[in-house]
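Undergrad: The structure is given below, and queries will be raised subsequently.
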Amino acid sequence: MAILIDRDTRVIVQGITGKEGSFHTKLMLDYGTKIVAGVTPGKGGREVHGVPVYDTVEEAVKNHGADASIVFVPARFAPDAVYEAIDAGLKLVVVITEHIPVHDTMRFVNYAKSKGTVIIGPNCPGIIVPGRIKIGIMPVSPFKPGNVAIISRSGTLTYEVAAAMTREGIGQSVAIGIGGDPIVGLDFVEALEMLEKDPETKAVVMIGEIGGDMEERVAAMYREGRFTKPIVAYVAGRTAPPGKRMGHAGAIISMGTGAYQDKVEALRKAGIPVAKMPYDIPRLLKEVL
Amino acid sequence: MKLYEYESKRIFAKYGIPVPRGFVLERDADIKELLKRHEIEPPVAIKSQVLVGGRGKAGGIKIAKTVEDAAKIAEELFNKPIKGLLPKILLVEEAVPHEAELYASITMDRAHRRPVVLVSRLGGVDIEEIAKEKPEEIHRTYIDPWIGLRGYMARGLGKKLGLSGKRLQVFERILLAMYQIFVDYDGDLVEINPLAVTSDGLVALDAKIIIDDNALFRHPEIAKRDPAETGEYTELEAKAQRLGFAFVELDGDVGIIGNGAGLTMATMDLVYERGGKPANFLDIGGGASAERVKEALKILYEFPKAKVIFMNIFGGITRCDEVARGIVAAIKEVGQKKPIIVRLTGTNEEEGRRILREAGLEAFIDPIEAADKAIQLARER
Ligand SMILES: Nc1ncnc2c1ncn2[C@@H]1O[C@H](COP(=O)(O)OP(=O)(O)O)[C@@H](O)[C@H]1O
Ligand SMILES: [Mg+2]
């Protein structure tokens, strides 16, 4: 078992009949993910790439048993889909959907917590355990099994870093894109709490970016000894001006928080090396491994 | 999306927050007539309606002591750009005598993943300034979304501002109304700065509501505004935004295009780390078509600061062949106005390279080599 998922995790795809949902169902199946059912209200009874489709998550769970779901539902309906998955008892919900109103995310993230469900995302690429399973939309070629975990606020940058690591012979135990929105479910601190206990993870690469204070909270956690494995960090946005949204809704320096310098200083002070370029990460990893 | 002060004040009034009596004035309207009709006597505050903060300091807010004075000031304010923005309308309202100015706002706290109410005795000034210089003067309460803001929490905050008696009751009512607005309107921010302390109560002299852009579909009654109106974007940034691109201008000379916000930022940082200066942020997003790539290139063609264009593409859902087709199409349509340096790797990489090679462009695999080349070419131009 890595964290959160493994080879036998049974997965439901919500929004399976849409263009994105159907396309990525195929790619996940090809990677070996056990997609047991799909859900699209009003389209129950069909099949997508051989996967049976149901009207409700409850029916899908009853007929196939499931642990996790991945949500491709458009932003307006996505919160409903997430609540449905939580109430059906799923323990992990990966929300790919972009542009969900932040008030909705805030509420379903709090609800999930009270029910013991982990949310990854929204606006994220998902989670992959290389060689075993992916619940997400990431390309698979950059990833290779190994013992360094990647946690990241960015999608493409995750692939870029994974590819650079893989080229240098450093594989990954798991890679999680936590999402680029101001409020997300699983955050860096919570992911690290899980990785601390994961025997398959020897070190962690954290890819942060400007905005918010998640990186600072990781620095505090590390300084206080609540995470004890080596971390190598990179923070995107050194040259980003304050007050401007850099693509991601969450990538903005505002109210005096979220600046690059503050994050890097906090991390370095805590003893976490920070790469100046993502391409330096493999070298820094070799120094700490 | 930011609302104008007069729009926010209308919502405030609807929710029972005390605001000064007033009216909006359009350019060709007769202010004397309107003052009479609304039974408002000078002194009045005349306020430029532009979507930037700090209008007071920038000269966009004037007090008129007589009706004649009001007409003159209105004329003057209509022709006075505030931080580059010319108002289309003014807000004319009673000047409210007051003893003190407080601050109150509600936003979404990212770390706590819930709303937070901020209040301070030091109103009238920019909250960021207070946060930096006197953080102990800001009081906050985090709100459990399932319980909402309760009266006792609001009163507790009021106490910290030294309020008592009737003022404390009014303060409670105002905060509860602000919270309701925050929820009903999908607020990114609901702010009163300043909240004036008058002889018999509290009055919101300023009003600011920012609605989450992603939630606008729930508020069809609110008129959309053009990005240029917000004063937050340059002309080209506004244009890019209308086309659906995240584009931010910087001060350097190496134009940047990437796929994905993180990679695009990292590409700017890479150029900086290698001794160059990025000219912008431009993200083509995931899975961009050739058409989108072409549009993005055309934006940088129009952007004089970018002397060269450095495209850093890591193909995932974005396909390298699509990107290459977009580049070739842009060159065909408008010529190669500026050197384009492409770093291309990932999905359909070989096909992408071949397409570029046929058009006489050699793509890089190594991002650092590509960055160095882009920086060098920018220096030579
Ligand atoms: N109706 C009014 N009566 C009296 N003073 C006012 C009134 N409106 C604004 N002011 C004064 O002008 C200052 C700036 O106005 P405000 O609406 O806060 O604009 P901004 O925040 O853009 O500067 C306030 O702090 C207040 O002192
Ligand atoms: Mg103000």
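Ordering of the structure tokens sets the chain letters (A, B, ...), residue numbers begin anew at 1 in every chain, and ligands are numbered from 1 in the order given.
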Using only C-alpha atoms and all ligand atoms, find each protein or nucleic acid residue lying at most 7 Å from ligand 1; present the set as a VMD selection string.

TA: chain B and resid 20 44 to 45 52 to 57 61 93 to 97 124 193 to 194 205 to 206

Undergrad: Write to file, as a PDB file, in the first residue's frame, the residues of the selection just made, with C-alpha atoms.

TA:
ATOM      1  CA  PRO B  20     -25.824  57.589   3.541  1.00  0.00           C
ATOM      2  CA  VAL B  44     -22.680  66.333   0.129  1.00  0.00           C
ATOM      3  CA  ALA B  45     -19.919  63.874  -0.681  1.00  0.00           C
ATOM      4  CA  VAL B  52      -9.989  51.000  -7.737  1.00  0.00           C
ATOM      5  CA  GLY B  53      -9.310  51.519  -4.064  1.00  0.00           C
ATOM      6  CA  GLY B  54      -7.824  54.617  -2.498  1.00  0.00           C
ATOM      7  CA  ARG B  55     -10.040  57.020  -4.424  1.00  0.00           C
ATOM      8  CA  GLY B  56      -9.968  59.427  -1.501  1.00  0.00           C
ATOM      9  CA  LYS B  57      -6.212  59.861  -1.629  1.00  0.00           C
ATOM     10  CA  ILE B  61     -13.875  62.086  -3.426  1.00  0.00           C
ATOM     11  CA  GLU B  93     -24.606  61.346  -0.993  1.00  0.00           C
ATOM     12  CA  GLU B  94     -25.039  63.156   2.294  1.00  0.00           C
ATOM     13  CA  ALA B  95     -21.773  64.021   3.954  1.00  0.00           C
ATOM     14  CA  VAL B  96     -21.982  62.208   7.263  1.00  0.00           C
ATOM     15  CA  PRO B  97     -20.299  63.884  10.238  1.00  0.00           C
ATOM     16  CA  GLY B 124     -10.242  54.475   6.585  1.00  0.00           C
ATOM     17  CA  ASN B 193     -14.049  50.708   5.000  1.00  0.00           C
ATOM     18  CA  PRO B 194     -14.751  53.024   6.658  1.00  0.00           C
ATOM     19  CA  LEU B 205     -19.434  55.277   4.137  1.00  0.00           C
ATOM     20  CA  ASP B 206     -17.773  52.950   1.647  1.00  0.00           C
TER      21      ASP B 206
END

Undergrad: Set the distance at 8 Å and use only C-alpha atoms: which residues neighbour Glu216 of chain A once local chain neighbours fewer than 2 positions away are removed? I'd like the list as an mmCIF file with C-alpha atoms, in the first residue's frame.

TA:
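Result file is part_24.cif:
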data_model
loop_
_atom_site.group_PDB
_atom_site.id
_atom_site.type_symbol
_atom_site.label_atom_id
_atom_site.label_comp_id
_atom_site.auth_asym_id
_atom_site.auth_seq_id
_atom_site.Cartn_x
_atom_site.Cartn_y
_atom_site.Cartn_z
ATOM 1 C CA ASP A 213 0.448 29.899 3.252
ATOM 2 C CA MET A 214 0.523 26.143 2.707
ATOM 3 C CA VAL A 218 4.877 22.709 5.869
ATOM 4 C CA ALA A 219 7.973 24.592 7.053
ATOM 5 C CA ALA A 220 6.492 24.832 10.563
ATOM 6 C CA ASP A 262 8.493 34.426 2.563
ATOM 7 C CA LYS A 263 7.877 30.860 1.495
ATOM 8 C CA ALA A 266 10.476 29.729 5.862
ATOM 9 C CA LEU A 267 11.365 26.486 4.088
#

Undergrad: What residues in chain A lie within 6 Å of chain B, counting only C-alpha atoms, written as a PDB file with C-alpha atoms, in the first residue's frame?

TA:
ATOM      1  CA  HIS A  99     -14.050  26.656 -11.985  1.00  0.00           C
ATOM      2  CA  PRO A 101     -17.339  28.363  -6.966  1.00  0.00           C
ATOM      3  CA  MET A 106     -15.470  25.310   1.072  1.00  0.00           C
ATOM      4  CA  PRO A 139       0.145  11.358 -18.780  1.00  0.00           C
ATOM      5  CA  SER A 154       0.450  22.325 -10.336  1.00  0.00           C
ATOM      6  CA  THR A 156       2.155  20.165 -15.827  1.00  0.00           C
ATOM      7  CA  LEU A 157       4.963  21.037 -13.477  1.00  0.00           C
ATOM      8  CA  PRO A 182      -7.603  28.808  -3.203  1.00  0.00           C
ATOM      9  CA  ILE A 183      -9.400  26.128  -1.196  1.00  0.00           C
ATOM     10  CA  ALA A 236       6.906  28.591  -8.657  1.00  0.00           C
ATOM     11  CA  GLY A 237       6.382  32.327  -9.050  1.00  0.00           C
ATOM     12  CA  ARG A 238       9.653  33.950  -7.975  1.00  0.00           C
ATOM     13  CA  THR A 239       9.176  36.563 -10.713  1.00  0.00           C
ATOM     14  CA  GLY A 247      -3.423  31.449 -14.033  1.00  0.00           C
ATOM     15  CA  HIS A 248      -4.436  29.391 -11.005  1.00  0.00           C
ATOM     16  CA  MET A 255      -3.012  40.800   1.984  1.00  0.00           C
TER      17      MET A 255
END

Undergrad: Hey, what does DSSP flag as helix (DSSP H, G or I) within segment 102-349 of chain B? Can you give it to me as a PyMOL selection string?

TA: chain B and resi 127-133+135-137+151-160+165-184+213-218+227-230+235-242+261-273+290-301+320-334+349

Undergrad: One number please: atom CA of Ile137 of chain A to atom CA of Asp67 of chain A, in Å, one decimal.

TA: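 Separation between atom CA of Ile137 of chain A and atom CA of Asp67 of chain A: 18.5 Å.
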
Undergrad: Could you pull out all residues of segment 94-156 of chain A with a DSSP call of strand (DSSP E) and give them as a ChimeraX atom specification?

TA: /A:94-95,118-120,126-129,133-136,145-152

Undergrad: Given the selection you just returned, output its residues as a file containing N, CA and C atoms, formatted as a PDB file, in the first residue's frame.

TA:
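Written out: part.pdb:
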ATOM      1  N   VAL A  94     -11.756  12.281  -6.020  1.00  0.00           N
ATOM      2  CA  VAL A  94     -10.804  13.113  -6.766  1.00  0.00           C
ATOM      3  C   VAL A  94     -11.595  14.027  -7.689  1.00  0.00           C
ATOM      4  N   VAL A  95     -11.464  15.334  -7.492  1.00  0.00           N
ATOM      5  CA  VAL A  95     -12.280  16.287  -8.252  1.00  0.00           C
ATOM      6  C   VAL A  95     -11.415  16.982  -9.305  1.00  0.00           C
ATOM      7  N   VAL A 118     -11.714  11.762   2.091  1.00  0.00           N
ATOM      8  CA  VAL A 118     -10.631  12.632   1.625  1.00  0.00           C
ATOM      9  C   VAL A 118     -10.992  13.158   0.241  1.00  0.00           C
ATOM     10  N   ILE A 119     -10.895  14.479   0.072  1.00  0.00           N
ATOM     11  CA  ILE A 119     -11.108  15.081  -1.248  1.00  0.00           C
ATOM     12  C   ILE A 119      -9.747  15.471  -1.803  1.00  0.00           C
ATOM     13  N   ILE A 120      -9.462  15.112  -3.063  1.00  0.00           N
ATOM     14  CA  ILE A 120      -8.285  15.658  -3.743  1.00  0.00           C
ATOM     15  C   ILE A 120      -8.814  16.610  -4.815  1.00  0.00           C
ATOM     16  N   GLY A 126      -5.083  14.830 -10.204  1.00  0.00           N
ATOM     17  CA  GLY A 126      -5.372  13.554  -9.564  1.00  0.00           C
ATOM     18  C   GLY A 126      -4.176  12.919  -8.891  1.00  0.00           C
ATOM     19  N   ILE A 127      -4.240  11.603  -8.730  1.00  0.00           N
ATOM     20  CA  ILE A 127      -3.214  10.864  -7.977  1.00  0.00           C
ATOM     21  C   ILE A 127      -2.781   9.631  -8.762  1.00  0.00           C
ATOM     22  N   ILE A 128      -1.491   9.349  -8.746  1.00  0.00           N
ATOM     23  CA  ILE A 128      -0.966   8.166  -9.438  1.00  0.00           C
ATOM     24  C   ILE A 128       0.020   7.427  -8.542  1.00  0.00           C
ATOM     25  N   VAL A 129      -0.108   6.117  -8.494  1.00  0.00           N
ATOM     26  CA  VAL A 129       0.917   5.274  -7.882  1.00  0.00           C
ATOM     27  C   VAL A 129       1.565   4.539  -9.052  1.00  0.00           C
ATOM     28  N   ILE A 133      -1.638   2.114 -10.337  1.00  0.00           N
ATOM     29  CA  ILE A 133      -2.967   2.700 -10.505  1.00  0.00           C
ATOM     30  C   ILE A 133      -2.859   4.202 -10.677  1.00  0.00           C
ATOM     31  N   LYS A 134      -3.742   4.747 -11.493  1.00  0.00           N
ATOM     32  CA  LYS A 134      -3.882   6.207 -11.476  1.00  0.00           C
ATOM     33  C   LYS A 134      -5.357   6.561 -11.432  1.00  0.00           C
ATOM     34  N   ILE A 135      -5.686   7.547 -10.605  1.00  0.00           N
ATOM     35  CA  ILE A 135      -7.032   8.111 -10.596  1.00  0.00           C
ATOM     36  C   ILE A 135      -6.821   9.570 -10.942  1.00  0.00           C
ATOM     37  N   GLY A 136      -6.818   9.840 -12.252  1.00  0.00           N
ATOM     38  CA  GLY A 136      -6.489  11.195 -12.669  1.00  0.00           C
ATOM     39  C   GLY A 136      -6.317  11.290 -14.159  1.00  0.00           C
ATOM     40  N   PRO A 145       7.899   3.599 -11.049  1.00  0.00           N
ATOM     41  CA  PRO A 145       7.837   3.221  -9.632  1.00  0.00           C
ATOM     42  C   PRO A 145       9.138   3.539  -8.902  1.00  0.00           C
ATOM     43  N   GLY A 146       9.039   3.908  -7.642  1.00  0.00           N
ATOM     44  CA  GLY A 146      10.214   4.243  -6.846  1.00  0.00           C
ATOM     45  C   GLY A 146       9.794   4.639  -5.455  1.00  0.00           C
ATOM     46  N   ASN A 147      10.642   5.384  -4.755  1.00  0.00           N
ATOM     47  CA  ASN A 147      10.290   5.687  -3.366  1.00  0.00           C
ATOM     48  C   ASN A 147      10.348   7.169  -2.986  1.00  0.00           C
ATOM     49  N   VAL A 148      10.158   8.027  -3.974  1.00  0.00           N
ATOM     50  CA  VAL A 148      10.041   9.455  -3.659  1.00  0.00           C
ATOM     51  C   VAL A 148       8.620   9.923  -4.021  1.00  0.00           C
ATOM     52  N   ALA A 149       7.949  10.517  -3.062  1.00  0.00           N
ATOM     53  CA  ALA A 149       6.596  11.018  -3.325  1.00  0.00           C
ATOM     54  C   ALA A 149       6.658  12.436  -3.871  1.00  0.00           C
ATOM     55  N   ILE A 150       5.726  12.766  -4.771  1.00  0.00           N
ATOM     56  CA  ILE A 150       5.603  14.149  -5.244  1.00  0.00           C
ATOM     57  C   ILE A 150       4.247  14.680  -4.801  1.00  0.00           C
ATOM     58  N   ILE A 151       4.252  15.852  -4.167  1.00  0.00           N
ATOM     59  CA  ILE A 151       2.989  16.547  -3.887  1.00  0.00           C
ATOM     60  C   ILE A 151       3.091  17.924  -4.530  1.00  0.00           C
ATOM     61  N   SER A 152       2.023  18.338  -5.207  1.00  0.00           N
ATOM     62  CA  SER A 152       2.159  19.511  -6.078  1.00  0.00           C
ATOM     63  C   SER A 152       0.872  20.297  -6.219  1.00  0.00           C
TER      64      SER A 152
END

Undergrad: Here is a test: counting only C-alpha atoms and all ligand atoms, which residue of B:Glu33, B:Asp126, B:Asp69, B:Glu350 is nearest to ligand 2?

TA: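 Nearest candidate to ligand 2 out of B:Glu33, B:Asp126, B:Asp69, B:Glu350: B:Asp126.
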
Undergrad: Neighbours of Asp226 of chain B within 9 Å (only C-alpha atoms; same-chain residues fewer than 3 positions away dropped), as a ChimeraX atom specification?

TA: /B:229-230,238,242

Undergrad: Residues near segment 2-7 of chain A, anyone? I mean within 8 Å using only C-alpha atoms, not counting same-chain ones fewer than 5 positions away, as a list in words.

TA: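 Counting only C-alpha atoms, the residues come to Gly32, Thr33, Lys34, Leu92, Val129, Arg132, Ile133, Ser173, Val174, Met194, Leu195, Asp198, Pro199, Glu200 and Thr201 of chain A.
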
Undergrad: Store the residues of this selection in a file with N, CA and C atoms, as a compact mmCIF listing (two decimals), in the first residue's frame.

TA:
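Saved file part-v1.txt follows:
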# COMPACT_ATOMS: atom_id res chain seq x y z
N GLY A 32 -4.41 0.12 -15.84
CA GLY A 32 -4.65 -0.96 -14.89
C GLY A 32 -5.57 -0.57 -13.74
N THR A 33 -6.08 0.65 -13.76
CA THR A 33 -7.00 1.09 -12.70
C THR A 33 -8.29 0.27 -12.77
N LYS A 34 -8.77 -0.17 -11.60
CA LYS A 34 -10.01 -0.95 -11.57
C LYS A 34 -11.21 -0.01 -11.55
N LEU A 92 -12.50 8.27 -0.80
CA LEU A 92 -11.66 9.20 -1.55
C LEU A 92 -12.43 9.72 -2.76
N VAL A 129 -0.11 6.12 -8.49
CA VAL A 129 0.92 5.27 -7.88
C VAL A 129 1.56 4.54 -9.05
N ARG A 132 1.02 0.95 -10.83
CA ARG A 132 -0.10 0.24 -10.22
C ARG A 132 -1.46 0.82 -10.58
N ILE A 133 -1.64 2.11 -10.34
CA ILE A 133 -2.97 2.70 -10.51
C ILE A 133 -2.86 4.20 -10.68
N SER A 173 6.94 6.97 -5.43
CA SER A 173 6.03 6.10 -4.67
C SER A 173 4.58 6.50 -4.94
N VAL A 174 4.38 7.79 -5.11
CA VAL A 174 3.05 8.31 -5.41
C VAL A 174 3.24 9.75 -5.89
N MET A 194 0.26 11.61 6.03
CA MET A 194 0.09 10.25 5.50
C MET A 194 1.42 9.69 5.03
N LEU A 195 2.22 10.53 4.37
CA LEU A 195 3.49 10.04 3.81
C LEU A 195 4.49 9.70 4.91
N ASP A 198 4.11 6.17 5.56
CA ASP A 198 4.15 5.27 4.40
C ASP A 198 5.54 4.65 4.25
N PRO A 199 5.67 3.34 4.45
CA PRO A 199 6.99 2.71 4.36
C PRO A 199 7.58 2.78 2.95
N GLU A 200 6.74 2.97 1.95
CA GLU A 200 7.26 3.00 0.58
C GLU A 200 7.83 4.36 0.19
N THR A 201 7.63 5.36 1.03
CA THR A 201 8.13 6.70 0.71
C THR A 201 9.35 7.04 1.57

Undergrad: Which one of B:Lys338, B:Arg27, B:Lys208, B:Lys9 sits closest to ligand 2 if you count only C-alpha atoms and all ligand atoms?

TA: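 Nearest to ligand 2: B:Lys208.
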
Undergrad: Determine, counting only C-alpha atoms, which protein, DNA and RNA residues have an atom within 12 Å of an atom of Lys286 of chain A; residues of the same chain fewer than 2 positions away are not included. Present the result as JSON, numbers by chain.

TA: {"A": [148, 165, 168, 169, 170, 202, 203, 204, 205, 230, 231, 232, 273, 280, 281, 282, 283, 284, 288, 289]}

Undergrad: Keeping only N, CA, C and O atoms, take the residues you just selected and write them out as a PDB file, in the first residue's frame.

TA:
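The resulting file, result13.pdb, is reproduced below:
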ATOM      1  N   VAL A 148      10.158   8.027  -3.974  1.00  0.00           N
ATOM      2  CA  VAL A 148      10.041   9.455  -3.659  1.00  0.00           C
ATOM      3  C   VAL A 148       8.620   9.923  -4.021  1.00  0.00           C
ATOM      4  O   VAL A 148       8.170   9.707  -5.141  1.00  0.00           O
ATOM      5  N   MET A 165      13.076  13.459 -12.779  1.00  0.00           N
ATOM      6  CA  MET A 165      13.490  12.463 -11.780  1.00  0.00           C
ATOM      7  C   MET A 165      13.689  11.103 -12.433  1.00  0.00           C
ATOM      8  O   MET A 165      14.700  10.428 -12.220  1.00  0.00           O
ATOM      9  N   GLU A 168      16.785  10.584 -14.256  1.00  0.00           N
ATOM     10  CA  GLU A 168      17.945  10.391 -13.381  1.00  0.00           C
ATOM     11  C   GLU A 168      17.824   9.120 -12.550  1.00  0.00           C
ATOM     12  O   GLU A 168      18.569   8.929 -11.581  1.00  0.00           O
ATOM     13  N   GLY A 169      16.858   8.284 -12.885  1.00  0.00           N
ATOM     14  CA  GLY A 169      16.729   7.015 -12.187  1.00  0.00           C
ATOM     15  C   GLY A 169      16.041   7.094 -10.828  1.00  0.00           C
ATOM     16  O   GLY A 169      16.171   6.183 -10.007  1.00  0.00           O
ATOM     17  N   ILE A 170      15.338   8.189 -10.560  1.00  0.00           N
ATOM     18  CA  ILE A 170      14.616   8.308  -9.290  1.00  0.00           C
ATOM     19  C   ILE A 170      13.123   8.125  -9.544  1.00  0.00           C
ATOM     20  O   ILE A 170      12.482   8.972 -10.162  1.00  0.00           O
ATOM     21  N   LYS A 202      10.482   7.339   0.879  1.00  0.00           N
ATOM     22  CA  LYS A 202      11.716   7.662   1.605  1.00  0.00           C
ATOM     23  C   LYS A 202      11.965   9.168   1.650  1.00  0.00           C
ATOM     24  O   LYS A 202      12.678   9.662   2.519  1.00  0.00           O
ATOM     25  N   ALA A 203      11.427   9.868   0.665  1.00  0.00           N
ATOM     26  CA  ALA A 203      11.620  11.322   0.613  1.00  0.00           C
ATOM     27  C   ALA A 203      10.459  11.933  -0.165  1.00  0.00           C
ATOM     28  O   ALA A 203       9.692  11.208  -0.809  1.00  0.00           O
ATOM     29  N   VAL A 204      10.352  13.260  -0.086  1.00  0.00           N
ATOM     30  CA  VAL A 204       9.218  13.938  -0.718  1.00  0.00           C
ATOM     31  C   VAL A 204       9.695  15.139  -1.531  1.00  0.00           C
ATOM     32  O   VAL A 204      10.569  15.890  -1.095  1.00  0.00           O
ATOM     33  N   VAL A 205       9.114  15.292  -2.718  1.00  0.00           N
ATOM     34  CA  VAL A 205       9.299  16.520  -3.489  1.00  0.00           C
ATOM     35  C   VAL A 205       8.014  17.322  -3.362  1.00  0.00           C
ATOM     36  O   VAL A 205       6.928  16.807  -3.635  1.00  0.00           O
ATOM     37  N   PRO A 230      13.317  13.356   4.452  1.00  0.00           N
ATOM     38  CA  PRO A 230      13.822  14.511   3.690  1.00  0.00           C
ATOM     39  C   PRO A 230      12.770  15.068   2.716  1.00  0.00           C
ATOM     40  O   PRO A 230      12.025  14.304   2.111  1.00  0.00           O
ATOM     41  N   ILE A 231      12.723  16.398   2.629  1.00  0.00           N
ATOM     42  CA  ILE A 231      11.866  17.068   1.644  1.00  0.00           C
ATOM     43  C   ILE A 231      12.752  17.953   0.772  1.00  0.00           C
ATOM     44  O   ILE A 231      13.660  18.610   1.270  1.00  0.00           O
ATOM     45  N   VAL A 232      12.467  17.946  -0.530  1.00  0.00           N
ATOM     46  CA  VAL A 232      13.070  18.932  -1.433  1.00  0.00           C
ATOM     47  C   VAL A 232      11.911  19.736  -2.004  1.00  0.00           C
ATOM     48  O   VAL A 232      10.901  19.166  -2.418  1.00  0.00           O
ATOM     49  N   PRO A 273      15.717  22.112   1.664  1.00  0.00           N
ATOM     50  CA  PRO A 273      16.359  22.746   0.515  1.00  0.00           C
ATOM     51  C   PRO A 273      15.327  23.128  -0.549  1.00  0.00           C
ATOM     52  O   PRO A 273      14.381  22.387  -0.792  1.00  0.00           O
ATOM     53  N   ASP A 280      16.531  21.335 -11.142  1.00  0.00           N
ATOM     54  CA  ASP A 280      17.566  21.049 -10.142  1.00  0.00           C
ATOM     55  C   ASP A 280      17.116  20.005  -9.125  1.00  0.00           C
ATOM     56  O   ASP A 280      17.906  19.552  -8.303  1.00  0.00           O
ATOM     57  N   ILE A 281      15.841  19.656  -9.165  1.00  0.00           N
ATOM     58  CA  ILE A 281      15.299  18.785  -8.115  1.00  0.00           C
ATOM     59  C   ILE A 281      15.990  17.423  -8.027  1.00  0.00           C
ATOM     60  O   ILE A 281      16.354  16.996  -6.930  1.00  0.00           O
ATOM     61  N   PRO A 282      16.241  16.738  -9.168  1.00  0.00           N
ATOM     62  CA  PRO A 282      16.906  15.430  -9.048  1.00  0.00           C
ATOM     63  C   PRO A 282      18.264  15.523  -8.339  1.00  0.00           C
ATOM     64  O   PRO A 282      18.575  14.682  -7.494  1.00  0.00           O
ATOM     65  N   ARG A 283      19.028  16.573  -8.664  1.00  0.00           N
ATOM     66  CA  ARG A 283      20.348  16.734  -8.033  1.00  0.00           C
ATOM     67  C   ARG A 283      20.189  16.909  -6.513  1.00  0.00           C
ATOM     68  O   ARG A 283      20.864  16.260  -5.717  1.00  0.00           O
ATOM     69  N   LEU A 284      19.262  17.783  -6.109  1.00  0.00           N
ATOM     70  CA  LEU A 284      19.050  18.006  -4.673  1.00  0.00           C
ATOM     71  C   LEU A 284      18.557  16.738  -3.982  1.00  0.00           C
ATOM     72  O   LEU A 284      18.920  16.449  -2.847  1.00  0.00           O
ATOM     73  N   VAL A 288      20.073  14.369  -0.600  1.00  0.00           N
ATOM     74  CA  VAL A 288      19.402  14.041   0.667  1.00  0.00           C
ATOM     75  C   VAL A 288      19.071  12.552   0.807  1.00  0.00           C
ATOM     76  O   VAL A 288      18.784  12.078   1.901  1.00  0.00           O
ATOM     77  N   LEU A 289      19.106  11.818  -0.317  1.00  0.00           N
ATOM     78  CA  LEU A 289      18.690  10.403  -0.240  1.00  0.00           C
ATOM     79  C   LEU A 289      19.780   9.517   0.337  1.00  0.00           C
ATOM     80  O   LEU A 289      20.952   9.754   0.116  1.00  0.00           O
TER      81      LEU A 289
END

Undergrad: Give me the residues within 10 Å of Val328 of chain B as a PyMOL selection string, counting only C-alpha atoms and dropping any in the same chain fewer than 4 places off.

TA: chain B and resi 290+293-294+322-324+332-333+335-336+355-356+358-361

Undergrad: Restrict the selected residues to N, CA and C atoms and save them as an mmCIF file, in the first residue's frame.

TA:
data_model
loop_
_atom_site.group_PDB
_atom_site.id
_atom_site.type_symbol
_atom_site.label_atom_id
_atom_site.label_comp_id
_atom_site.auth_asym_id
_atom_site.auth_seq_id
_atom_site.Cartn_x
_atom_site.Cartn_y
_atom_site.Cartn_z
ATOM 1 N N ALA B 290 -4.500 23.790 -31.938
ATOM 2 C CA ALA B 290 -3.600 24.591 -32.772
ATOM 3 C C ALA B 290 -4.103 26.030 -32.849
ATOM 4 N N VAL B 293 -3.160 27.971 -29.748
ATOM 5 C CA VAL B 293 -1.730 28.265 -29.750
ATOM 6 C C VAL B 293 -1.455 29.468 -30.650
ATOM 7 N N LYS B 294 -2.113 29.473 -31.802
ATOM 8 C CA LYS B 294 -1.955 30.579 -32.744
ATOM 9 C C LYS B 294 -2.408 31.899 -32.109
ATOM 10 N N GLU B 322 -0.164 19.369 -32.068
ATOM 11 C CA GLU B 322 -1.133 20.474 -32.119
ATOM 12 C C GLU B 322 -0.429 21.814 -31.909
ATOM 13 N N VAL B 323 0.461 21.827 -30.913
ATOM 14 C CA VAL B 323 1.202 23.049 -30.619
ATOM 15 C C VAL B 323 2.010 23.468 -31.850
ATOM 16 N N ALA B 324 2.707 22.493 -32.450
ATOM 17 C CA ALA B 324 3.530 22.784 -33.624
ATOM 18 C C ALA B 324 2.677 23.327 -34.762
ATOM 19 N N LYS B 332 2.464 31.467 -40.705
ATOM 20 C CA LYS B 332 1.879 31.601 -42.041
ATOM 21 C C LYS B 332 0.973 32.822 -42.119
ATOM 22 N N GLU B 333 0.198 33.039 -41.056
ATOM 23 C CA GLU B 333 -0.804 34.089 -41.095
ATOM 24 C C GLU B 333 -0.202 35.485 -40.974
ATOM 25 N N GLY B 335 3.414 36.039 -40.420
ATOM 26 C CA GLY B 335 4.867 36.075 -40.574
ATOM 27 C C GLY B 335 5.553 35.858 -39.238
ATOM 28 N N GLN B 336 6.840 35.568 -39.277
ATOM 29 C CA GLN B 336 7.543 35.377 -38.005
ATOM 30 C C GLN B 336 8.086 36.724 -37.553
ATOM 31 N N ILE B 355 6.923 18.667 -37.799
ATOM 32 C CA ILE B 355 6.129 19.770 -38.356
ATOM 33 C C ILE B 355 6.914 21.084 -38.268
ATOM 34 N N LEU B 356 7.573 21.302 -37.132
ATOM 35 C CA LEU B 356 8.337 22.538 -36.955
ATOM 36 C C LEU B 356 9.536 22.574 -37.892
ATOM 37 N N GLU B 358 9.920 21.195 -40.779
ATOM 38 C CA GLU B 358 9.495 21.510 -42.141
ATOM 39 C C GLU B 358 9.264 23.004 -42.334
ATOM 40 N N ALA B 359 8.932 23.679 -41.235
ATOM 41 C CA ALA B 359 8.709 25.127 -41.321
ATOM 42 C C ALA B 359 9.986 25.894 -40.991
ATOM 43 N N GLY B 360 11.089 25.152 -40.855
ATOM 44 C CA GLY B 360 12.371 25.802 -40.621
ATOM 45 C C GLY B 360 12.657 26.147 -39.172
ATOM 46 N N LEU B 361 11.946 25.524 -38.228
ATOM 47 C CA LEU B 361 12.174 25.782 -36.798
ATOM 48 C C LEU B 361 12.708 24.526 -36.121
#
